[in-house]
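Novice: Provided herewith: target_2.cif, mmCIF, C-alpha atoms.
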```
data_coords
loop_
_atom_site.label_atom_id
_atom_site.label_comp_id
_atom_site.auth_asym_id
_atom_site.auth_seq_id
_atom_site.Cartn_x
_atom_site.Cartn_y
_atom_site.Cartn_z
CA MET A 81 -1.53 -1.13 52.92
CA SER A 82 1.30 -3.39 51.78
CA LEU A 83 1.94 -5.07 48.45
CA LEU A 84 2.61 -8.78 48.13
CA PHE A 85 5.62 -8.09 45.91
CA ALA A 86 7.40 -5.20 44.22
CA LEU A 87 6.95 -4.52 40.51
CA PRO A 88 9.82 -3.40 38.27
CA GLU A 89 10.38 0.32 37.92
CA THR A 90 8.52 2.13 35.13
CA PRO A 91 10.48 1.65 31.88
CA SER A 92 12.01 4.86 30.56
CA ILE A 93 13.88 6.13 27.51
CA PRO A 94 16.79 8.59 27.35
CA ILE A 95 16.22 11.96 25.70
CA GLN A 96 19.09 13.19 23.55
CA GLY A 97 21.18 15.81 25.37
CA GLU A 98 19.15 15.71 28.59
CA ASP A 99 19.46 14.10 32.03
CA ALA A 100 15.70 13.59 32.35
CA ARG A 101 14.22 10.42 30.88
CA PHE A 102 10.85 9.71 29.23
CA PRO A 103 8.79 7.26 31.33
CA VAL A 104 6.77 4.85 29.19
CA ARG A 105 3.06 4.62 29.99
CA ARG A 106 1.62 2.77 26.98
CA ILE A 107 2.79 1.58 23.55
CA PHE A 108 0.43 1.89 20.58
CA CYS A 109 1.32 0.47 17.16
CA VAL A 110 -0.33 0.86 13.78
CA GLY A 111 -0.36 -1.86 11.13
CA ARG A 112 -0.35 -1.67 7.32
CA ASN A 113 0.70 1.98 7.24
CA TYR A 114 2.97 1.62 4.20
CA GLU A 115 1.19 0.30 1.13
CA ALA A 116 4.15 -1.65 -0.23
CA HIS A 117 4.56 -3.48 3.10
CA ALA A 118 0.87 -4.35 3.18
CA ARG A 119 1.16 -5.79 -0.33
CA GLU A 120 4.24 -7.88 0.49
CA LEU A 121 2.24 -9.63 3.22
CA GLY A 122 -0.76 -10.15 0.95
CA ASN A 123 -2.90 -7.43 2.53
CA VAL A 124 -4.93 -4.61 1.01
CA VAL A 125 -4.68 -1.05 2.34
CA ASP A 126 -7.76 1.10 2.59
CA ARG A 127 -8.43 4.52 4.07
CA GLU A 128 -11.33 3.48 6.29
CA ALA A 129 -9.37 3.62 9.56
CA PRO A 130 -5.90 2.78 10.90
CA ILE A 131 -5.35 -0.72 12.31
CA TRP A 132 -4.21 -0.51 15.93
CA PHE A 133 -2.60 -2.97 18.32
CA THR A 134 -0.67 -2.51 21.55
CA LYS A 135 2.44 -3.73 23.31
CA ALA A 136 2.93 -3.67 27.07
CA PRO A 137 5.67 -1.40 28.47
CA ALA A 138 7.31 -4.63 29.68
CA ALA A 139 8.10 -5.36 26.00
CA LEU A 140 10.43 -2.34 25.83
CA CYS A 141 14.05 -3.05 24.89
CA HIS A 142 16.81 -0.47 24.61
CA THR A 143 19.02 -0.03 21.58
CA GLY A 144 22.31 -1.88 21.65
CA ALA A 145 20.88 -4.92 23.43
CA VAL A 146 21.71 -8.54 22.68
CA ILE A 147 18.46 -10.48 23.07
CA PRO A 148 17.75 -14.21 22.95
CA TYR A 149 15.88 -15.44 19.90
CA PRO A 150 12.23 -15.10 21.01
CA PRO A 151 10.49 -18.22 22.34
CA GLY A 152 7.43 -19.76 20.73
CA THR A 153 8.37 -18.90 17.15
CA ALA A 154 10.39 -20.21 14.22
CA ASN A 155 9.87 -17.06 12.13
CA CYS A 156 10.60 -13.84 14.02
CA HIS A 157 10.72 -10.71 11.83
CA TYR A 158 12.18 -7.22 12.17
CA GLU A 159 9.99 -4.20 11.37
CA MET A 160 11.73 -0.82 11.36
CA GLU A 161 9.51 2.05 12.58
CA PHE A 162 9.39 5.81 13.20
CA VAL A 163 8.18 6.33 16.78
CA ALA A 164 6.42 9.38 18.22
CA ALA A 165 6.59 10.17 21.96
CA ILE A 166 3.56 11.97 23.39
CA GLY A 167 4.31 14.77 25.84
CA ALA A 168 0.91 16.37 26.55
CA PRO A 169 -2.67 15.16 27.09
CA ALA A 170 -4.78 14.62 23.97
CA PHE A 171 -8.43 13.64 23.76
CA ARG A 172 -10.49 14.09 20.59
CA VAL A 173 -7.94 16.37 18.97
CA SER A 174 -8.06 17.27 15.29
CA PRO A 175 -5.18 16.54 12.91
CA GLY A 176 -4.45 20.26 12.98
CA GLU A 177 -3.99 20.15 16.75
CA ALA A 178 -2.27 16.79 16.97
CA MET A 179 1.36 17.80 16.56
CA ASP A 180 1.14 20.11 19.58
CA VAL A 181 1.17 17.05 21.86
CA VAL A 182 4.32 15.44 20.38
CA LEU A 183 7.40 15.65 22.58
CA GLY A 184 9.79 13.95 20.19
CA TYR A 185 10.70 11.03 17.96
CA ALA A 186 12.81 7.89 18.03
CA CYS A 187 13.83 4.93 15.91
CA GLY A 188 12.16 1.68 16.91
CA LEU A 189 11.86 -1.97 15.96
CA ASP A 190 8.52 -3.77 16.15
CA MET A 191 9.68 -7.37 16.50
CA THR A 192 7.01 -9.80 15.30
CA ARG A 193 6.48 -13.55 15.64
CA ARG A 194 5.26 -13.79 12.04
CA ASP A 195 4.21 -17.43 12.17
CA LEU A 196 1.99 -16.71 15.17
CA GLN A 197 0.57 -13.61 13.47
CA ASN A 198 -0.25 -15.52 10.28
CA ALA A 199 -1.97 -18.27 12.25
CA ALA A 200 -4.00 -15.69 14.19
CA LYS A 201 -5.00 -13.86 11.01
CA ASP A 202 -6.15 -17.10 9.38
CA LYS A 203 -8.49 -17.76 12.29
CA GLY A 204 -9.57 -14.15 12.84
CA TYR A 205 -7.86 -14.10 16.25
CA PRO A 206 -6.07 -11.13 17.88
CA TRP A 207 -2.36 -10.61 17.26
CA ASP A 208 -1.34 -10.34 20.92
CA THR A 209 1.06 -13.28 21.13
CA ALA A 210 2.62 -12.30 17.80
CA LYS A 211 3.32 -8.71 18.76
CA ASP A 212 3.47 -8.35 22.56
CA PHE A 213 6.36 -10.28 24.10
CA GLU A 214 9.65 -9.58 25.87
CA ASN A 215 12.04 -7.36 23.86
CA ALA A 216 9.43 -6.84 21.11
CA ALA A 217 9.48 -3.02 21.28
CA VAL A 218 13.07 -1.95 20.69
CA ILE A 219 13.79 1.77 20.87
CA ALA A 220 16.62 4.30 20.59
CA PRO A 221 16.90 7.61 22.51
CA ILE A 222 14.27 10.26 21.83
CA THR A 223 15.09 13.44 19.91
CA ARG A 224 12.96 16.48 20.73
CA ALA A 225 10.46 17.42 18.00
CA GLU A 226 11.85 20.95 17.67
CA THR A 227 15.33 19.52 17.04
CA PHE A 228 14.11 16.99 14.48
CA GLY A 229 12.00 19.52 12.62
CA PRO A 230 8.99 18.88 10.35
CA ILE A 231 8.25 15.38 9.11
CA ALA A 232 9.09 15.56 5.42
CA GLY A 233 11.00 13.21 3.13
CA GLN A 234 13.31 11.70 5.74
CA ARG A 235 14.46 8.20 4.82
CA ILE A 236 13.62 5.26 7.05
CA THR A 237 16.01 2.34 6.55
CA LEU A 238 17.12 -0.97 8.05
CA LEU A 239 20.34 -2.92 7.61
CA GLN A 240 20.54 -6.62 8.44
CA ASN A 241 24.17 -7.73 8.82
CA GLY A 242 25.17 -4.67 6.78
CA THR A 243 22.77 -5.35 3.90
CA ARG A 244 20.00 -2.83 3.28
CA LYS A 245 16.59 -4.47 3.62
CA GLN A 246 14.18 -1.56 4.14
CA ASP A 247 14.34 1.89 2.54
CA ALA A 248 11.42 4.31 2.25
CA SER A 249 10.37 7.88 2.95
CA LEU A 250 8.24 8.97 5.91
CA THR A 251 5.97 10.63 3.37
CA GLU A 252 4.95 7.14 2.17
CA MET A 253 2.90 6.51 5.31
CA VAL A 254 -0.74 5.84 4.43
CA TRP A 255 -1.86 7.67 7.58
CA SER A 256 0.23 10.71 8.54
CA LEU A 257 1.27 11.20 12.16
CA PRO A 258 -1.32 13.98 12.74
CA GLU A 259 -4.03 11.67 11.38
CA LEU A 260 -2.83 8.80 13.57
CA ILE A 261 -2.82 10.91 16.73
CA ALA A 262 -6.26 12.33 15.95
CA ASP A 263 -7.71 8.87 15.32
CA LEU A 264 -6.16 7.35 18.44
CA SER A 265 -7.35 10.27 20.57
CA ARG A 266 -10.96 9.45 19.66
CA MET A 267 -10.62 6.13 21.50
CA TYR A 268 -8.13 6.88 24.28
CA HIS A 269 -7.14 9.74 26.55
CA LEU A 270 -3.59 10.06 25.30
CA ALA A 271 -1.14 11.29 27.91
CA PRO A 272 2.55 11.99 28.47
CA GLY A 273 4.45 8.73 28.37
CA ASP A 274 2.53 7.19 25.47
CA LEU A 275 4.46 5.96 22.43
CA ILE A 276 3.13 5.51 18.90
CA TYR A 277 4.95 3.14 16.54
CA THR A 278 3.84 4.41 13.12
CA GLY A 279 4.25 1.32 10.92
CA THR A 280 6.95 -0.30 8.83
CA PRO A 281 7.94 -0.03 5.15
CA ALA A 282 8.34 -2.94 2.77
CA GLY A 283 11.31 -5.27 3.16
CA VAL A 284 10.54 -7.00 6.45
CA GLY A 285 12.18 -10.35 6.97
CA ALA A 286 13.23 -13.09 9.33
CA VAL A 287 16.04 -12.86 11.86
CA ALA A 288 18.37 -15.63 13.03
CA PRO A 289 20.78 -15.99 15.93
CA GLY A 290 23.88 -13.91 15.26
CA ASP A 291 22.07 -11.28 13.19
CA ALA A 292 22.89 -7.61 13.72
CA LEU A 293 20.16 -5.07 12.92
CA GLU A 294 20.58 -1.32 12.50
CA GLY A 295 17.58 0.89 11.80
CA ALA A 296 17.71 4.59 11.02
CA VAL A 297 15.59 7.62 10.29
CA ALA A 298 17.49 10.66 9.03
CA GLY A 299 17.95 13.06 11.94
CA LEU A 300 17.48 10.49 14.72
CA GLU A 301 19.75 8.24 16.77
CA PRO A 302 19.85 4.78 15.10
CA VAL A 303 18.39 1.71 16.79
CA ARG A 304 20.63 -1.37 16.99
CA LEU A 305 19.86 -4.94 18.04
CA THR A 306 21.74 -8.24 18.05
CA ILE A 307 19.90 -11.58 18.04
CA GLY A 308 21.41 -14.19 20.34
CA ALA A 309 20.77 -17.90 20.69
CA ALA A 310 17.36 -19.17 21.75
CA GLU A 311 16.86 -19.70 25.47
#
```
Rewrite the coordinates I just gave you, this time as structure tokens.
Specialist:
Amino acid sequence: MSLLFALPETPSIPIQGEDARFPVRRIFCVGRNYEAHARELGNVVDREAPIWFTKAPAALCHTGAVIPYPPGTANCHYEMEFVAAIGAPAFRVSPGEAMDVVLGYACGLDMTRRDLQNAAKDKGYPWDTAKDFENAAVIAPITRAETFGPIAGQRITLLQNGTRKQDASLTEMVWSLPELIADLSRMYHLAPGDLIYTGTPAGVGAVAPGDALEGAVAGLEPVRLTIGAAE
């Protein structure tokens, strides 16, 4: 059997201090996981269930990149996120078992075409075009879970052109990482190569050509991105 054309290689992420890389299988993202962020966008947080959406691996973008201002939008926003990398299979796991499948963590940016998202929300449509596009899932190298240690009060921050825009604690997440993994594993067979973007704190905002972003979580390699001119 032959293929009509070749596809790009599987996207992968460096692991701090290692030659081996983490191949990306799927990207899951959770919305409204910090109450203050939900409020700033006019949303209400409840504890019924996490809100999930996905990005294709083709949306992956490595830290340090200079990307063109995304097409199809006049209001693209940054969203700084704590990302978990799954390293073992998980199906219908409990929160108590969930952390056993985590390989490590990374800093990430969930870039969002906010005008498209708002229009979709107004009509009850999916968020796909707002969330899943080229360079929309920016990520830094992964740090092994045992090196990072327990998730506690680590700060999650973002600087835009040197000015602090986001600043919160990982303990402010509405749904903890064990709860997120347990919930997601009820609907999917999680497997090595899956990423989970765990939501963004308050302080999201628009980017413009020339902007420099730097996101950090204490104990992880920062994620950096520069916005170039529109194509």
Novice: Quick check, in Å to one decimal: how far apart do atom CA of A:Asp291 and atom CA of A:Ile307 lie?
Specialist: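 Between atom CA of A:Asp291 and atom CA of A:Ile307 the gap is 5.3 Å.
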Novice: Give me the residues within 12 Å of stretch 177-181 of chain A as a PDB file with C-alpha atoms, in the coordinates of the input, counting all atoms listed in the file and dropping any in the same chain fewer than 4 places off.
Specialist:
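Dumped to part_4.pdb:
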```pdb
ATOM      1  CA  ALA A 164       6.420   9.380  18.220  1.00  0.00           C
ATOM      2  CA  ALA A 165       6.590  10.170  21.960  1.00  0.00           C
ATOM      3  CA  ILE A 166       3.560  11.970  23.390  1.00  0.00           C
ATOM      4  CA  GLY A 167       4.310  14.770  25.840  1.00  0.00           C
ATOM      5  CA  ALA A 168       0.910  16.370  26.550  1.00  0.00           C
ATOM      6  CA  PRO A 169      -2.670  15.160  27.090  1.00  0.00           C
ATOM      7  CA  ALA A 170      -4.780  14.620  23.970  1.00  0.00           C
ATOM      8  CA  PHE A 171      -8.430  13.640  23.760  1.00  0.00           C
ATOM      9  CA  ARG A 172     -10.490  14.090  20.590  1.00  0.00           C
ATOM     10  CA  VAL A 173      -7.940  16.370  18.970  1.00  0.00           C
ATOM     11  CA  TYR A 185      10.700  11.030  17.960  1.00  0.00           C
ATOM     12  CA  ARG A 224      12.960  16.480  20.730  1.00  0.00           C
ATOM     13  CA  ALA A 225      10.460  17.420  18.000  1.00  0.00           C
ATOM     14  CA  GLU A 226      11.850  20.950  17.670  1.00  0.00           C
ATOM     15  CA  GLY A 229      12.000  19.520  12.620  1.00  0.00           C
ATOM     16  CA  PRO A 230       8.990  18.880  10.350  1.00  0.00           C
ATOM     17  CA  ILE A 231       8.250  15.380   9.110  1.00  0.00           C
ATOM     18  CA  SER A 256       0.230  10.710   8.540  1.00  0.00           C
ATOM     19  CA  LEU A 257       1.270  11.200  12.160  1.00  0.00           C
ATOM     20  CA  PRO A 258      -1.320  13.980  12.740  1.00  0.00           C
ATOM     21  CA  GLU A 259      -4.030  11.670  11.380  1.00  0.00           C
ATOM     22  CA  LEU A 260      -2.830   8.800  13.570  1.00  0.00           C
ATOM     23  CA  ILE A 261      -2.820  10.910  16.730  1.00  0.00           C
ATOM     24  CA  ALA A 262      -6.260  12.330  15.950  1.00  0.00           C
ATOM     25  CA  ASP A 263      -7.710   8.870  15.320  1.00  0.00           C
ATOM     26  CA  LEU A 264      -6.160   7.350  18.440  1.00  0.00           C
ATOM     27  CA  SER A 265      -7.350  10.270  20.570  1.00  0.00           C
ATOM     28  CA  ARG A 266     -10.960   9.450  19.660  1.00  0.00           C
ATOM     29  CA  LEU A 270      -3.590  10.060  25.300  1.00  0.00           C
ATOM     30  CA  ALA A 271      -1.140  11.290  27.910  1.00  0.00           C
ATOM     31  CA  PRO A 272       2.550  11.990  28.470  1.00  0.00           C
ATOM     32  CA  GLY A 273       4.450   8.730  28.370  1.00  0.00           C
ATOM     33  CA  ASP A 274       2.530   7.190  25.470  1.00  0.00           C
ATOM     34  CA  LEU A 275       4.460   5.960  22.430  1.00  0.00           C
TER      35      LEU A 275
END
```
Novice: For stretch 186-191 of chain A, list every protein, DNA or RNA residue within 6 Å, evaluated using all atoms listed in the file, and leave out those in the same chain fewer than 4 positions away; present the list as a list in words.
Specialist: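 Non-adjacent residues within range: His157, Tyr158, Glu159, Met160, Glu161, Phe162, Val163, Ala216, Ala217, Val218, Ile219, Ala220, Ile222 and Val303 of chain A.
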Novice: So what does the PyMOL selection byres ((chain A and resi 289) around 9) actually pick up in this one, as a PyMOL selection string?
Specialist: chain A and resi 148-149+287-288+290-292+306-310
Novice: Once the PyMOL selection byres ((chain A and resi 104) around 7) has been applied to the shown file, what residues remain in the selection, as a list in words?
Specialist: Thr90, Pro91, Ser92, Phe102, Pro103, Arg105, Arg106, Pro137, Gly273 and Asp274 of chain A
Novice: Can those selected residues be exported to a file as a compact mmCIF listing (two decimals), in the coordinates of the input so that it contains C-alpha atoms?
Specialist:
```txt
# COMPACT_ATOMS: atom_id res chain seq x y z
CA THR A 90 8.52 2.13 35.13
CA PRO A 91 10.48 1.65 31.88
CA SER A 92 12.01 4.86 30.56
CA PHE A 102 10.85 9.71 29.23
CA PRO A 103 8.79 7.26 31.33
CA ARG A 105 3.06 4.62 29.99
CA ARG A 106 1.62 2.77 26.98
CA PRO A 137 5.67 -1.40 28.47
CA GLY A 273 4.45 8.73 28.37
CA ASP A 274 2.53 7.19 25.47
```
Novice: Can you list, as a list of chain:residue names, the residues that the PyMOL selection byres ((chain A and resi 294) around 6) selects here?
Specialist: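 Taken on the displayed file, the PyMOL selection byres ((chain A and resi 294) around 6) yields the residues A:Leu238, A:Leu239, A:Leu293, A:Gly295, A:Val303, A:Arg304.
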Novice: Report, in Å to a single decimal, how far apart atom CA of A:Ala199 and atom CA of A:Thr237 are.
Specialist: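 Taking atom CA of A:Thr237 and atom CA of A:Ala199, their separation equals 27.9 Å.
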Novice: Can you work out the spacing between atom CA of A:Lys135 and atom CA of A:Phe108 in Å, to one decimal?
Specialist: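 For atom CA of A:Lys135 relative to atom CA of A:Phe108, the distance reads 6.6 Å.
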Novice: Which residue, A:Gly299, A:Gly204, A:Gly283, A:Pro221, has the smallest gap to A:Thr243 when you use all atoms listed in the file?
Specialist: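 Among A:Gly299, A:Gly204, A:Gly283, A:Pro221, it is A:Gly283 that comes nearest to A:Thr243.
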Novice: Between A:Arg101, A:Val254, A:Val182, A:His269, which one has atoms that come closest to A:Arg127, using all atoms listed in the file?
Specialist: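 Nearest to A:Arg127: A:Val254.
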Novice: Output requested as a compact mmCIF listing (two decimals), keeping the file's coordinate frame - stretch 179-190 of chain A, filled out with all heavy atoms.
Specialist:
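Wrote it out as result-v5.txt, contents follow:
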```
# COMPACT_ATOMS: atom_id res chain seq x y z
N MET A 179 -0.08 17.71 16.40
CA MET A 179 1.36 17.80 16.56
C MET A 179 1.77 18.60 17.79
O MET A 179 2.92 18.53 18.23
CB MET A 179 1.98 18.41 15.30
CG MET A 179 1.77 17.56 14.04
SD MET A 179 2.35 15.85 14.22
CE MET A 179 4.11 16.12 14.12
N ASP A 180 0.83 19.34 18.37
CA ASP A 180 1.14 20.11 19.58
C ASP A 180 1.42 19.20 20.77
O ASP A 180 1.98 19.66 21.78
CB ASP A 180 -0.02 21.05 19.93
CG ASP A 180 -0.20 22.16 18.91
OD1 ASP A 180 0.77 22.45 18.18
OD2 ASP A 180 -1.31 22.73 18.84
N VAL A 181 1.00 17.94 20.71
CA VAL A 181 1.17 17.05 21.86
C VAL A 181 2.40 16.14 21.70
O VAL A 181 2.67 15.32 22.58
CB VAL A 181 -0.09 16.19 22.10
CG1 VAL A 181 -1.32 17.07 22.19
CG2 VAL A 181 -0.27 15.11 21.03
N VAL A 182 3.15 16.29 20.62
CA VAL A 182 4.32 15.44 20.38
C VAL A 182 5.54 16.02 21.06
O VAL A 182 5.91 17.17 20.83
CB VAL A 182 4.59 15.28 18.86
CG1 VAL A 182 5.86 14.48 18.63
CG2 VAL A 182 3.40 14.61 18.18
N LEU A 183 6.17 15.22 21.91
CA LEU A 183 7.40 15.65 22.58
C LEU A 183 8.61 15.41 21.69
O LEU A 183 9.53 16.22 21.63
CB LEU A 183 7.56 14.91 23.90
CG LEU A 183 8.80 15.23 24.73
CD1 LEU A 183 8.46 15.27 26.21
CD2 LEU A 183 9.93 14.22 24.47
N GLY A 184 8.64 14.26 21.01
CA GLY A 184 9.79 13.95 20.19
C GLY A 184 9.62 12.66 19.43
O GLY A 184 8.53 12.07 19.39
N TYR A 185 10.73 12.20 18.84
CA TYR A 185 10.70 11.03 17.96
C TYR A 185 11.88 10.12 18.25
O TYR A 185 12.91 10.55 18.78
CB TYR A 185 10.77 11.47 16.49
CG TYR A 185 9.75 12.52 16.12
CD1 TYR A 185 10.12 13.84 15.90
CD2 TYR A 185 8.40 12.19 15.99
CE1 TYR A 185 9.18 14.81 15.56
CE2 TYR A 185 7.46 13.14 15.65
CZ TYR A 185 7.86 14.45 15.44
OH TYR A 185 6.93 15.41 15.11
N ALA A 186 11.73 8.86 17.86
CA ALA A 186 12.81 7.89 18.03
C ALA A 186 12.71 6.82 16.96
O ALA A 186 11.66 6.62 16.34
CB ALA A 186 12.73 7.24 19.42
N CYS A 187 13.81 6.12 16.75
CA CYS A 187 13.83 4.93 15.91
C CYS A 187 13.42 3.73 16.75
O CYS A 187 13.86 3.59 17.89
CB CYS A 187 15.23 4.71 15.34
SG CYS A 187 15.75 5.90 14.11
N GLY A 188 12.61 2.86 16.17
CA GLY A 188 12.16 1.68 16.91
C GLY A 188 12.06 0.46 16.02
O GLY A 188 11.99 0.56 14.79
N LEU A 189 12.08 -0.70 16.65
CA LEU A 189 11.86 -1.97 15.96
C LEU A 189 10.65 -2.65 16.58
O LEU A 189 10.58 -2.83 17.80
CB LEU A 189 13.07 -2.89 16.11
CG LEU A 189 14.37 -2.46 15.42
CD1 LEU A 189 15.52 -3.36 15.86
CD2 LEU A 189 14.21 -2.51 13.91
N ASP A 190 9.69 -3.00 15.74
CA ASP A 190 8.52 -3.77 16.15
C ASP A 190 8.80 -5.22 15.79
O ASP A 190 8.56 -5.66 14.68
CB ASP A 190 7.28 -3.23 15.42
CG ASP A 190 6.08 -4.17 15.50
OD1 ASP A 190 6.07 -5.05 16.37
OD2 ASP A 190 5.15 -4.01 14.68
```
